[in-house]
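A.B. asks: Sharing entry01.csv below, CSV, C-alpha atoms:
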```
chain,number,residue,atom,x,y,z
A,1,MET,CA,-15.5,1.0,12.9
A,2,GLY,CA,-14.5,4.1,14.8
A,3,GLU,CA,-12.2,6.5,13.0
A,4,ASP,CA,-9.6,6.3,15.8
A,5,VAL,CA,-9.3,2.5,15.8
A,6,VAL,CA,-6.0,1.2,14.5
A,7,PHE,CA,-4.8,-2.4,14.7
A,8,TYR,CA,-1.1,-3.3,15.2
A,9,SER,CA,0.9,-6.2,14.1
A,10,LYS,CA,4.5,-7.5,14.2
A,11,TYR,CA,5.6,-9.0,10.9
A,12,SER,CA,7.6,-11.8,12.5
A,13,GLN,CA,4.4,-13.2,13.9
A,14,PHE,CA,2.5,-13.4,10.7
A,15,GLY,CA,1.2,-16.8,9.8
A,16,ARG,CA,0.2,-18.3,6.5
A,17,ASN,CA,-2.7,-16.4,5.0
A,18,ASN,CA,-3.5,-14.5,8.1
A,19,ILE,CA,-2.4,-11.5,10.2
A,20,VAL,CA,-2.0,-11.3,13.9
A,21,LEU,CA,-3.9,-8.3,15.2
A,22,TYR,CA,-3.0,-6.5,18.5
A,23,SER,CA,-4.9,-3.7,20.2
A,24,ASP,CA,-1.8,-1.8,21.3
A,25,PRO,CA,1.6,-0.8,19.8
A,26,TYR,CA,3.4,-2.7,22.6
A,27,LEU,CA,2.0,-6.0,21.4
A,28,CYS,CA,0.7,-6.9,24.8
A,29,HIS,CA,-2.9,-7.5,24.0
A,30,GLN,CA,-3.5,-9.9,21.1
A,31,LEU,CA,-7.0,-9.6,19.6
A,32,ARG,CA,-7.2,-12.3,17.1
A,33,LEU,CA,-6.0,-13.6,13.7
A,34,LEU,CA,-7.3,-11.7,10.7
A,35,ALA,CA,-7.6,-14.3,7.9
A,36,PHE,CA,-6.9,-13.2,4.3
A,37,SER,CA,-10.3,-14.5,3.5
A,38,GLU,CA,-11.9,-11.9,5.8
A,39,CYS,CA,-10.2,-9.2,3.7
A,40,LEU,CA,-12.3,-10.0,0.6
A,41,GLY,CA,-14.8,-7.3,-0.1
A,42,LYS,CA,-13.1,-5.1,2.5
A,43,SER,CA,-10.5,-2.3,2.5
A,44,VAL,CA,-7.1,-3.0,4.1
A,45,LEU,CA,-4.3,-0.5,4.7
A,46,LEU,CA,-0.9,-1.8,5.8
A,47,PHE,CA,1.4,1.1,6.9
A,48,GLY,CA,4.6,1.4,8.8
A,49,GLU,CA,8.4,1.9,8.7
A,50,SER,CA,10.7,0.5,6.0
A,51,ASN,CA,11.6,-3.2,6.3
A,52,VAL,CA,8.6,-4.3,8.3
A,53,GLY,CA,7.2,-6.5,5.6
A,54,LYS,CA,4.5,-4.4,3.9
A,55,THR,CA,5.4,-5.4,0.3
A,56,GLU,CA,5.9,-9.1,1.2
A,57,ILE,CA,2.5,-9.4,2.9
A,58,THR,CA,0.9,-7.6,0.0
A,59,SER,CA,2.5,-10.2,-2.3
A,60,GLU,CA,1.2,-13.0,-0.1
A,61,PHE,CA,-2.3,-11.6,-0.2
A,62,LEU,CA,-2.1,-11.4,-4.0
A,63,SER,CA,-1.1,-15.1,-4.1
A,64,PHE,CA,-4.0,-15.9,-1.9
A,65,VAL,CA,-6.6,-14.2,-3.9
A,66,LEU,CA,-5.3,-15.8,-7.1
A,67,SER,CA,-5.3,-19.3,-5.7
A,68,SER,CA,-8.3,-19.2,-3.3
A,69,SER,CA,-10.8,-16.6,-4.3
A,70,LYS,CA,-13.4,-16.2,-7.0
A,71,LEU,CA,-12.5,-12.6,-7.9
A,72,GLU,CA,-13.0,-12.0,-11.6
A,73,LYS,CA,-10.6,-9.2,-12.1
A,74,ILE,CA,-7.5,-8.1,-10.2
A,75,TYR,CA,-5.6,-4.8,-10.7
A,76,VAL,CA,-2.1,-4.6,-9.4
A,77,VAL,CA,-0.6,-1.1,-9.2
A,78,ASP,CA,3.0,-1.3,-8.2
A,79,ILE,CA,4.3,2.1,-7.3
A,80,GLY,CA,7.3,0.9,-5.3
A,81,PRO,CA,10.8,1.8,-6.4
A,82,GLU,CA,13.4,-0.8,-7.2
A,83,ARG,CA,15.1,-2.0,-4.0
A,84,PHE,CA,18.0,0.0,-2.8
A,85,ARG,CA,20.2,0.1,0.3
A,86,MET,CA,20.4,3.1,2.7
A,87,GLY,CA,22.0,3.1,6.1
A,88,GLY,CA,22.3,-0.7,6.1
A,89,LEU,CA,18.6,-1.2,5.3
A,90,GLU,CA,17.0,-2.5,2.1
A,91,ILE,CA,14.4,0.1,1.1
A,92,GLY,CA,11.6,-0.2,-1.4
A,93,GLY,CA,10.9,-3.1,-3.7
A,94,LYS,CA,8.3,-4.5,-6.1
A,95,ILE,CA,5.7,-7.2,-5.4
A,96,SER,CA,7.4,-9.2,-8.1
A,97,ASP,CA,10.5,-9.4,-5.9
A,98,PHE,CA,8.6,-12.0,-3.8
A,99,ASP,CA,6.5,-13.7,-6.5
A,100,ASP,CA,6.2,-12.8,-10.1
A,101,THR,CA,3.9,-15.6,-11.3
A,102,TYR,CA,0.9,-13.2,-11.3
A,103,HIS,CA,2.2,-11.6,-14.4
A,104,THR,CA,1.0,-14.5,-16.5
A,105,ASN,CA,-2.5,-14.8,-14.9
A,106,PRO,CA,-5.3,-13.7,-17.2
A,107,LYS,CA,-7.3,-12.3,-14.3
A,108,VAL,CA,-4.5,-9.8,-13.5
A,109,THR,CA,-3.9,-6.4,-15.1
A,110,THR,CA,-0.6,-5.0,-13.8
A,111,PHE,CA,0.7,-1.4,-13.8
A,112,SER,CA,4.3,-1.0,-12.7
A,113,TYR,CA,6.4,2.2,-13.1
A,114,PRO,CA,10.0,3.3,-13.2
A,115,ILE,CA,9.7,5.2,-9.9
A,116,THR,CA,12.5,7.4,-8.6
A,117,PRO,CA,12.5,7.6,-4.8
A,118,PRO,CA,12.6,11.4,-4.3
A,119,ARG,CA,14.2,11.7,-0.8
A,120,SER,CA,17.1,9.2,-1.1
A,121,ASN,CA,18.1,10.4,-4.6
A,122,SER,CA,18.0,14.2,-4.1
A,123,SER,CA,20.2,16.9,-2.7
A,124,SER,CA,17.8,19.8,-2.5
A,125,TYR,CA,14.1,20.5,-1.9
A,126,LEU,CA,13.7,21.5,-5.6
A,127,GLU,CA,15.1,18.2,-6.7
A,128,ILE,CA,12.7,16.3,-4.4
A,129,TYR,CA,9.8,18.3,-5.8
A,130,LYS,CA,10.8,17.6,-9.4
A,131,LYS,CA,11.1,13.8,-8.8
A,132,SER,CA,7.9,13.7,-6.9
A,133,LEU,CA,6.1,15.4,-9.7
A,134,GLN,CA,7.6,13.2,-12.3
A,135,ASN,CA,6.4,10.1,-10.4
A,136,TYR,CA,2.9,11.5,-10.0
A,137,LYS,CA,2.6,12.3,-13.7
A,138,ILE,CA,3.3,8.7,-14.8
A,139,ILE,CA,0.9,7.3,-12.2
A,140,ILE,CA,-2.2,9.5,-12.2
A,141,LYS,CA,-3.8,8.7,-15.5
A,142,ASP,CA,-3.8,4.9,-14.8
A,143,MET,CA,-5.1,5.5,-11.3
A,144,GLU,CA,-8.0,7.6,-12.6
A,145,LYS,CA,-8.9,4.9,-15.3
A,146,ILE,CA,-8.9,2.2,-12.7
A,147,VAL,CA,-11.2,4.1,-10.3
A,148,GLU,CA,-13.5,4.8,-13.2
A,149,TYR,CA,-13.6,1.1,-14.2
A,150,LEU,CA,-14.2,-0.1,-10.7
A,151,PHE,CA,-17.1,2.2,-10.2
A,152,SER,CA,-18.6,1.0,-13.5
A,153,GLN,CA,-18.2,-2.7,-12.6
A,154,GLN,CA,-20.0,-2.9,-9.3
A,155,SER,CA,-21.8,-6.1,-10.5
A,156,ILE,CA,-18.6,-8.2,-10.6
A,157,SER,CA,-16.1,-8.9,-7.9
A,158,CYS,CA,-12.8,-7.1,-8.4
A,159,ALA,CA,-9.7,-6.4,-6.3
A,160,LEU,CA,-7.2,-3.5,-6.4
A,161,ILE,CA,-3.8,-4.1,-4.8
A,162,ILE,CA,-1.5,-1.1,-4.5
A,163,ASN,CA,2.1,-1.3,-3.4
A,164,ASP,CA,3.6,1.9,-1.8
A,165,LEU,CA,0.8,4.3,-2.1
A,166,SER,CA,2.9,6.9,-0.3
A,167,ILE,CA,4.7,7.6,-3.6
A,168,PHE,CA,1.4,8.7,-5.1
A,169,LEU,CA,0.5,10.8,-2.0
A,170,HIS,CA,3.6,12.9,-2.4
A,171,MET,CA,1.7,14.9,-5.0
A,172,GLY,CA,-1.7,13.2,-5.2
A,173,SER,CA,-4.8,13.8,-3.2
A,174,LEU,CA,-7.0,11.5,-1.2
A,175,ARG,CA,-9.9,12.1,-3.5
A,176,LEU,CA,-9.2,9.0,-5.7
A,177,ILE,CA,-8.6,6.8,-2.6
A,178,ARG,CA,-11.9,7.9,-1.0
A,179,SER,CA,-13.7,7.2,-4.2
A,180,LEU,CA,-12.2,3.7,-4.3
A,181,LEU,CA,-13.4,3.0,-0.8
A,182,LYS,CA,-17.0,3.7,-1.7
A,183,THR,CA,-17.0,0.7,-4.0
A,184,SER,CA,-17.7,-2.9,-2.8
A,185,HIS,CA,-14.5,-4.2,-4.2
A,186,THR,CA,-11.5,-5.6,-2.3
A,187,ILE,CA,-8.9,-2.9,-1.7
A,188,PHE,CA,-5.5,-4.0,-0.3
A,189,VAL,CA,-3.0,-1.1,0.0
A,190,ASN,CA,0.3,-0.6,1.7
A,191,SER,CA,2.1,2.7,2.4
A,192,TYR,CA,5.3,4.0,4.0
A,193,TYR,CA,4.8,5.6,7.4
A,194,GLY,CA,8.0,6.1,9.4
A,195,THR,CA,11.2,8.1,10.1
A,196,VAL,CA,14.0,6.3,8.2
A,197,LEU,CA,13.2,8.5,5.2
A,198,SER,CA,12.5,11.7,7.1
A,199,ASP,CA,15.2,13.9,5.6
A,200,ASP,CA,13.4,15.9,2.9
A,201,PHE,CA,15.6,19.0,2.7
A,202,GLY,CA,12.8,21.2,4.0
A,203,SER,CA,10.4,20.3,1.2
A,204,ASN,CA,7.7,19.2,3.8
A,205,LEU,CA,7.2,16.0,1.7
A,206,THR,CA,7.5,13.8,4.9
A,207,PHE,CA,5.0,15.9,6.8
A,208,ARG,CA,2.5,15.8,3.9
A,209,GLU,CA,3.0,12.0,3.5
A,210,ARG,CA,2.3,11.4,7.2
A,211,VAL,CA,-0.7,13.8,7.4
A,212,LEU,CA,-2.4,12.1,4.4
A,213,VAL,CA,-1.7,8.6,5.8
A,214,ASN,CA,-3.2,9.6,9.1
A,215,ARG,CA,-6.3,10.9,7.2
A,216,MET,CA,-6.6,7.7,5.2
A,217,ILE,CA,-6.6,5.5,8.2
A,218,ARG,CA,-10.2,6.4,9.3
A,219,HIS,CA,-11.6,5.4,5.9
A,220,PHE,CA,-10.3,1.8,5.8
A,221,ASP,CA,-12.0,-1.3,7.3
A,222,TYR,CA,-8.7,-2.6,8.5
A,223,PRO,CA,-5.9,0.0,9.1
A,224,ILE,CA,-3.0,-2.1,10.3
A,225,ARG,CA,0.3,-0.5,11.5
A,226,LEU,CA,3.2,-2.9,11.1
A,227,ILE,CA,6.0,-2.5,13.5
A,228,HIS,CA,9.4,-4.1,14.1
```
In structure tokens, write the structure found in this file.

C.D. replies:
Amino acid sequence: MGEDVVFYSKYSQFGRNNIVLYSDPYLCHQLRLLAFSECLGKSVLLFGESNVGKTEITSEFLSFVLSSSKLEKIYVVDIGPERFRMGGLEIGGKISDFDDTYHTNPKVTTFSYPITPPRSNSSSYLEIYKKSLQNYKIIIKDMEKIVEYLFSQQSISCALIINDLSIFLHMGSLRLIRSLLKTSHTIFVNSYYGTVLSDDFGSNLTFRERVLVNRMIRHFDYPIRLIH
């Protein structure tokens, strides 16, 4: 796939276990349906504004792989903050907000964290920095262990599902993500990419987040921008 290719999709047109792909952000040229089954063994990045369905679709994909695939091990890394309201919108949320039955499945190992959304809960750039660093410190060790395990287990079929990778990118690098994408495992990730949370008190957090998501896009088999 060329590094500049990005698919677009409108959440309201999602069907059961598939994604409607468009070739342009105006949703004029529908390409085809991307079935969840086609995502197995591939890397998928969902990115877009708040409230476009990133976490819900990720939850649906997790339900699909648990019920329909032969994956032997599934890692769920939920970095999303608890839901909160801002400007009339519901922001954030966990995969378990939509379906929490995966917690009892023996195939699934879950990592979920008490994340503090840095921009909406801060009043200065220093506060944003401290909260971003705090989030990063509670995530990074588990992320490194998961990458190491997936590299060592190339002979079995695994999946890694990450909710709200942008929280990690506030302080983390793309090194781990690039390493993950060199494996043959199923990688399904979502990340914030928008303007609703753009006020960062001059910390450049929003700029860093956007630059790193743009750089990630070229490394995924299916980078899909969700729009309203």

A.B. asks: Using only C-alpha atoms, which residue out of A:Ser23, A:Asn18, A:Ser120, A:Asn214 lies closest to Phe84 in chain A?

C.D. replies: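 Selected residue with least distance to Phe84 in chain A: A:Ser120.
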
A.B. asks: For His219 in chain A, please output as a list in words all residues within 8 Å (counting all atoms listed in the file; exclusion window: fewer than 2 positions along the same chain).

C.D. replies: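 The filter keeps Glu3, Arg178, Leu181, Arg215, Met216, Ile217 and Asp221 of chain A.
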
A.B. asks: Identify, on the basis of only C-alpha atoms, every residue whose closest approach to Arg32 in chain A does not exceed 9 Å; exclude the query and any residue fewer than 3 positions from it along the same chain; express the result as a PyMOL selection string.

C.D. replies: chain A and resi 19-22

A.B. asks: Nearest to Tyr75 in chain A among A:Ser157, A:Thr195, A:Thr110, A:Ser37, with distances taken over all atoms listed in the file: which residue is it?

C.D. replies: A:Thr110

A.B. asks: What is the distance between CA of Phe220 in chain A and CA of Glu82 in chain A, in Å to one decimal?

C.D. replies: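 Calculated distance between CA of Phe220 in chain A and CA of Glu82 in chain A is 27.2 Å.
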
A.B. asks: May I ask which of the residues A:Ile167, A:Val77, A:Ala35, A:Ile139 is the closest one to Ser59 in chain A, counting only C-alpha atoms?

C.D. replies: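 Closest to Ser59 in chain A of all the choices is A:Val77.
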
A.B. asks: Can you work out the spacing between CA of Tyr113 in chain A and CA of Tyr129 in chain A in Å, to one decimal?

C.D. replies: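 Atom-to-atom, CA of Tyr113 in chain A and CA of Tyr129 in chain A are spaced 18.0 Å apart.
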
A.B. asks: So that I can see what lies close to Val65 in chain A, please list as a ChimeraX atom specification the residues with an atom at most 9 Å from it, counting only C-alpha atoms and leaving out residues fewer than 6 positions away in the same chain.

C.D. replies: /A:36-37,40,71,74,159

A.B. asks: Please, could you write that set of residues out with C-alpha atoms as an mmCIF file, keeping the file's coordinate frame?

C.D. replies:
```cif
data_model
loop_
_atom_site.group_PDB
_atom_site.id
_atom_site.type_symbol
_atom_site.label_atom_id
_atom_site.label_comp_id
_atom_site.auth_asym_id
_atom_site.auth_seq_id
_atom_site.Cartn_x
_atom_site.Cartn_y
_atom_site.Cartn_z
ATOM 1 C CA PHE A 36 -6.900 -13.200 4.300
ATOM 2 C CA SER A 37 -10.300 -14.500 3.500
ATOM 3 C CA LEU A 40 -12.300 -10.000 0.600
ATOM 4 C CA LEU A 71 -12.500 -12.600 -7.900
ATOM 5 C CA ILE A 74 -7.500 -8.100 -10.200
ATOM 6 C CA ALA A 159 -9.700 -6.400 -6.300
#
```

A.B. asks: N, CA and C atoms are needed for range 26-50 of chain A; please write them out as an mmCIF file, in the coordinates of the input.

C.D. replies:
```
data_model
loop_
_atom_site.group_PDB
_atom_site.id
_atom_site.type_symbol
_atom_site.label_atom_id
_atom_site.label_comp_id
_atom_site.auth_asym_id
_atom_site.auth_seq_id
_atom_site.Cartn_x
_atom_site.Cartn_y
_atom_site.Cartn_z
ATOM 1 N N TYR A 26 2.464 -1.919 21.817
ATOM 2 C CA TYR A 26 3.400 -2.700 22.600
ATOM 3 C C TYR A 26 3.252 -4.176 22.451
ATOM 4 N N LEU A 27 2.253 -4.566 21.668
ATOM 5 C CA LEU A 27 2.000 -6.000 21.400
ATOM 6 C C LEU A 27 1.700 -6.787 22.621
ATOM 7 N N CYS A 28 1.031 -6.172 23.567
ATOM 8 C CA CYS A 28 0.700 -6.900 24.800
ATOM 9 C C CYS A 28 -0.660 -7.552 24.760
ATOM 10 N N HIS A 29 -1.564 -6.994 23.972
ATOM 11 C CA HIS A 29 -2.900 -7.500 24.000
ATOM 12 C C HIS A 29 -3.321 -8.006 22.600
ATOM 13 N N GLN A 30 -3.138 -9.305 22.401
ATOM 14 C CA GLN A 30 -3.500 -9.900 21.100
ATOM 15 C C GLN A 30 -5.014 -9.980 20.998
ATOM 16 N N LEU A 31 -5.536 -9.493 19.870
ATOM 17 C CA LEU A 31 -7.000 -9.600 19.600
ATOM 18 C C LEU A 31 -7.337 -10.904 19.008
ATOM 19 N N ARG A 32 -6.831 -11.123 17.780
ATOM 20 C CA ARG A 32 -7.200 -12.300 17.100
ATOM 21 C C ARG A 32 -6.395 -12.403 15.769
ATOM 22 N N LEU A 33 -6.561 -13.487 15.046
ATOM 23 C CA LEU A 33 -6.000 -13.600 13.700
ATOM 24 C C LEU A 33 -7.009 -12.973 12.719
ATOM 25 N N LEU A 34 -6.491 -12.213 11.773
ATOM 26 C CA LEU A 34 -7.300 -11.700 10.700
ATOM 27 C C LEU A 34 -6.935 -12.548 9.444
ATOM 28 N N ALA A 35 -7.831 -13.443 9.040
ATOM 29 C CA ALA A 35 -7.600 -14.300 7.900
ATOM 30 C C ALA A 35 -7.660 -13.490 6.599
ATOM 31 N N PHE A 36 -6.829 -13.821 5.624
ATOM 32 C CA PHE A 36 -6.900 -13.200 4.300
ATOM 33 C C PHE A 36 -8.309 -13.249 3.745
ATOM 34 N N SER A 37 -8.993 -14.352 4.003
ATOM 35 C CA SER A 37 -10.300 -14.500 3.500
ATOM 36 C C SER A 37 -11.303 -13.471 4.003
ATOM 37 N N GLU A 38 -11.040 -12.962 5.207
ATOM 38 C CA GLU A 38 -11.900 -11.900 5.800
ATOM 39 C C GLU A 38 -11.646 -10.562 5.136
ATOM 40 N N CYS A 39 -10.560 -10.435 4.386
ATOM 41 C CA CYS A 39 -10.200 -9.200 3.700
ATOM 42 C C CYS A 39 -10.953 -9.012 2.388
ATOM 43 N N LEU A 40 -11.547 -10.091 1.894
ATOM 44 C CA LEU A 40 -12.300 -10.000 0.600
ATOM 45 C C LEU A 40 -13.499 -9.154 0.767
ATOM 46 N N GLY A 41 -13.671 -8.224 -0.151
ATOM 47 C CA GLY A 41 -14.800 -7.300 -0.100
ATOM 48 C C GLY A 41 -14.586 -6.182 0.939
ATOM 49 N N LYS A 42 -13.401 -6.111 1.530
ATOM 50 C CA LYS A 42 -13.100 -5.100 2.500
ATOM 51 C C LYS A 42 -11.921 -4.231 2.023
ATOM 52 N N SER A 43 -11.614 -3.194 2.776
ATOM 53 C CA SER A 43 -10.500 -2.300 2.500
ATOM 54 C C SER A 43 -9.431 -2.502 3.584
ATOM 55 N N VAL A 44 -8.191 -2.758 3.188
ATOM 56 C CA VAL A 44 -7.100 -3.000 4.100
ATOM 57 C C VAL A 44 -5.960 -2.046 3.827
ATOM 58 N N LEU A 45 -5.449 -1.383 4.851
ATOM 59 C CA LEU A 45 -4.300 -0.500 4.700
ATOM 60 C C LEU A 45 -3.187 -1.009 5.639
ATOM 61 N N LEU A 46 -2.069 -1.425 5.061
ATOM 62 C CA LEU A 46 -0.900 -1.800 5.800
ATOM 63 C C LEU A 46 0.042 -0.534 5.792
ATOM 64 N N PHE A 47 0.457 -0.048 6.924
ATOM 65 C CA PHE A 47 1.400 1.100 6.900
ATOM 66 C C PHE A 47 2.397 0.936 8.012
ATOM 67 N N GLY A 48 3.582 1.508 7.768
ATOM 68 C CA GLY A 48 4.600 1.400 8.800
ATOM 69 C C GLY A 48 5.999 1.722 8.177
ATOM 70 N N GLU A 49 7.001 1.531 8.992
ATOM 71 C CA GLU A 49 8.400 1.900 8.700
ATOM 72 C C GLU A 49 8.912 0.987 7.525
ATOM 73 N N SER A 50 10.041 1.365 6.979
ATOM 74 C CA SER A 50 10.700 0.500 6.000
ATOM 75 C C SER A 50 11.135 -0.795 6.634
#
```
